[in-house]
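Inspection log for the structure reproduced underneath, given as structure tokens.
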Amino acid sequence: MAGQGLAAGFLQVPAVTRAYTTACVLTTAAVQLELLTPFQLYFNPHLVFRKFQVWRLITTFLFFGPLGFGFFFNMLFVFRYCRMLEEGSFRGRKADFVFMFLFGGVLMTLLGFLGSLFFLGQALMAMLVYVWSRRSPHVRVNFFGLLNFQAPFLPWALMGFSLLLGNSVITDLLAFGSLAGIVVGHIYYFLEDVFPNQPGGKRLLLTPSFLKLLLDDPQEDPNYLPLPEEQPEP
């Protein structure tokens with residue numbers, strides 16, 4: 001019965017959040033069981049473009065380190081804020097949410113190349129937190145019972161906390177990864193939420209129609225209005 005309850009609760013998690021967090025957990029489990037090694041997962045432009053190991057463009061976002069406090073800390077934030085975005089401002093807009101992942105992933109990969117980042121999951125998590133925080137400016141956040149502040153300060157608190165994890169080399173990479181995610185999150189937020197509302201502004205990030213056809217159910221969109229022939233008879 002307990003297993004059925006967990007399964008039912010898991011299936012109630014929105015699809016994108018469920019898929020991404022499951023992929024992260026399975027990737028870490030595979031490394032823990034020595035089915036894979038981090039050397040097969042990290043982002044390496046030479047191996048991607050010269051050896052055609054294109055899976056690294058995906059696996060770099062899935063590995064958050066070995067099982068331990070850091071992994072569970074990251075998974076907690078990924079799951080919580082990815083779900084809150086998907087159930088909040090992206091409710092009924094699965095294609096737009098996936099497109100945000102793709103847009104952010106491309107920019108983070110470029111920053112990873114410039115900044116020699118090997119794993120970009122930390123950056124993706126920071127982007128999710130940043131976008132949520134900017135869209136929830138009046139929400140107060142309790143940070144592990146230690147601090148209370150407005151949501152827009154959360155990404156910076158998270159980056160500061162990451163400085164407390166790991167040795168100096170790992171700490172530098174975590175901090176740069178968080179900063180890269182904040183930068184990408186701000187670019188997305190500006191292009192999606194700020195610039196279109198400026199005089200002469202317009203939406204520049206348009207989700208490809210094939211993603212909408214593939215992923216969206218129009219009736220799940222809160223702005224959906226049925227056509228006259230679709231409306232039920234009284």
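In the structure tokens, chains take letters A, B, ... by order of appearance, with residues numbered from 1 within each chain and ligands from 1 in the order shown.
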Original post:
stretch 21-221 of chain A: which residues are strand (DSSP E or B) by DSSP, as a list in words?
Top reply: Arg140, Val141, Asn142, Phe143, Leu147, Asn148, Phe149 and Gln150 of chain A
Could you turn the residues from that selection into a file that holds N, CA, C and O atoms, as an mmCIF file, in the first residue's frame?
data_model
loop_
_atom_site.group_PDB
_atom_site.id
_atom_site.type_symbol
_atom_site.label_atom_id
_atom_site.label_comp_id
_atom_site.auth_asym_id
_atom_site.auth_seq_id
_atom_site.Cartn_x
_atom_site.Cartn_y
_atom_site.Cartn_z
ATOM 1 N N ARG A 140 7.941 35.189 0.469
ATOM 2 C CA ARG A 140 9.027 35.125 1.444
ATOM 3 C C ARG A 140 9.514 33.688 1.552
ATOM 4 O O ARG A 140 8.732 32.748 1.602
ATOM 5 N N VAL A 141 10.827 33.530 1.558
ATOM 6 C CA VAL A 141 11.464 32.219 1.566
ATOM 7 C C VAL A 141 12.140 31.985 2.902
ATOM 8 O O VAL A 141 12.838 32.863 3.414
ATOM 9 N N ASN A 142 11.911 30.813 3.459
ATOM 10 C CA ASN A 142 12.610 30.397 4.668
ATOM 11 C C ASN A 142 13.734 29.467 4.242
ATOM 12 O O ASN A 142 13.476 28.359 3.765
ATOM 13 N N PHE A 143 14.960 29.921 4.395
ATOM 14 C CA PHE A 143 16.117 29.170 3.926
ATOM 15 C C PHE A 143 16.635 28.271 5.041
ATOM 16 O O PHE A 143 17.421 28.672 5.886
ATOM 17 N N LEU A 147 17.362 31.749 7.583
ATOM 18 C CA LEU A 147 17.163 33.093 7.051
ATOM 19 C C LEU A 147 15.781 33.216 6.441
ATOM 20 O O LEU A 147 15.241 32.250 5.902
ATOM 21 N N ASN A 148 15.219 34.416 6.521
ATOM 22 C CA ASN A 148 13.964 34.722 5.849
ATOM 23 C C ASN A 148 14.190 35.936 4.957
ATOM 24 O O ASN A 148 14.723 36.953 5.413
ATOM 25 N N PHE A 149 13.814 35.825 3.704
ATOM 26 C CA PHE A 149 14.018 36.938 2.787
ATOM 27 C C PHE A 149 13.050 36.806 1.620
ATOM 28 O O PHE A 149 12.391 35.782 1.441
ATOM 29 N N GLN A 150 12.981 37.866 0.803
ATOM 30 C CA GLN A 150 12.134 37.851 -0.372
ATOM 31 C C GLN A 150 12.729 36.916 -1.432
ATOM 32 O O GLN A 150 13.950 36.764 -1.521
#
Subject >> Surrounding residues of stretch 6-14 of chain A excluding itself and chain neighbours under 6 positions, 8 Å, only C-alpha atoms, as JSON, numbers by chain >> reply: {"A": [83, 86, 87]}
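Atom CA of A:His46 lies 29.9 Å from atom CA of A:Val16.
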Original post:
Which value, in Å to one decimal, gives the distance between atom CA of A:Leu62 and atom CA of A:Gly121?
Top reply: 5.9 Å
**OP:** Could you find all residues in stretch 28-209 of chain A that DSSP calls alpha helix (DSSP H) from the backbone, and write them as an MDAnalysis selection string?
**Re:** chainID A and resid 28:32 45:49 56:59 69:87 94:115 121:135 154:162 168:189 209
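With only C-alpha atoms as the atoms that count, the residue of A:Trp132, A:Asp217, A:Phe195, A:Leu107 with the shortest distance to A:Gly92 is A:Asp217.
If only C-alpha atoms are the atoms counted, then among A:Asn74, A:Thr28, A:Ser209, A:Gln40 the closest residue to A:Leu158 is A:Asn74.
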**OP:** Could you give me, as a PyMOL selection string, the residues within 9 Å of A:Asp96, counting only C-alpha atoms and dropping anything in the same chain fewer than 2 positions from it?
**Re:** chain A and resi 90+93-94+98-101+206-208+211-212+216
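Remark: for A:Phe176, the closest of the candidate residues A:Leu204, A:Ala30, A:Leu213, A:Leu111 is A:Leu111 (distances computed over only C-alpha atoms).
If only C-alpha atoms are the atoms counted, then among A:Cys24, A:Ala19, A:Phe103, A:Phe77 the closest residue to A:Leu154 is A:Phe77.
Note that the spacing between atom CA of A:Gly65 and atom CA of A:Arg135 amounts to 29.3 Å.
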Subject >> Pick from A:Phe118, A:Met125, A:Phe190, A:Gly112 nearest to A:Phe39, counting only C-alpha atoms >> reply: A:Phe118
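Here the question is which of A:Leu47, A:Gly200, A:Gly70, A:Tyr81 gets nearest to A:Phe161 using only C-alpha atoms, and that residue is A:Gly70.
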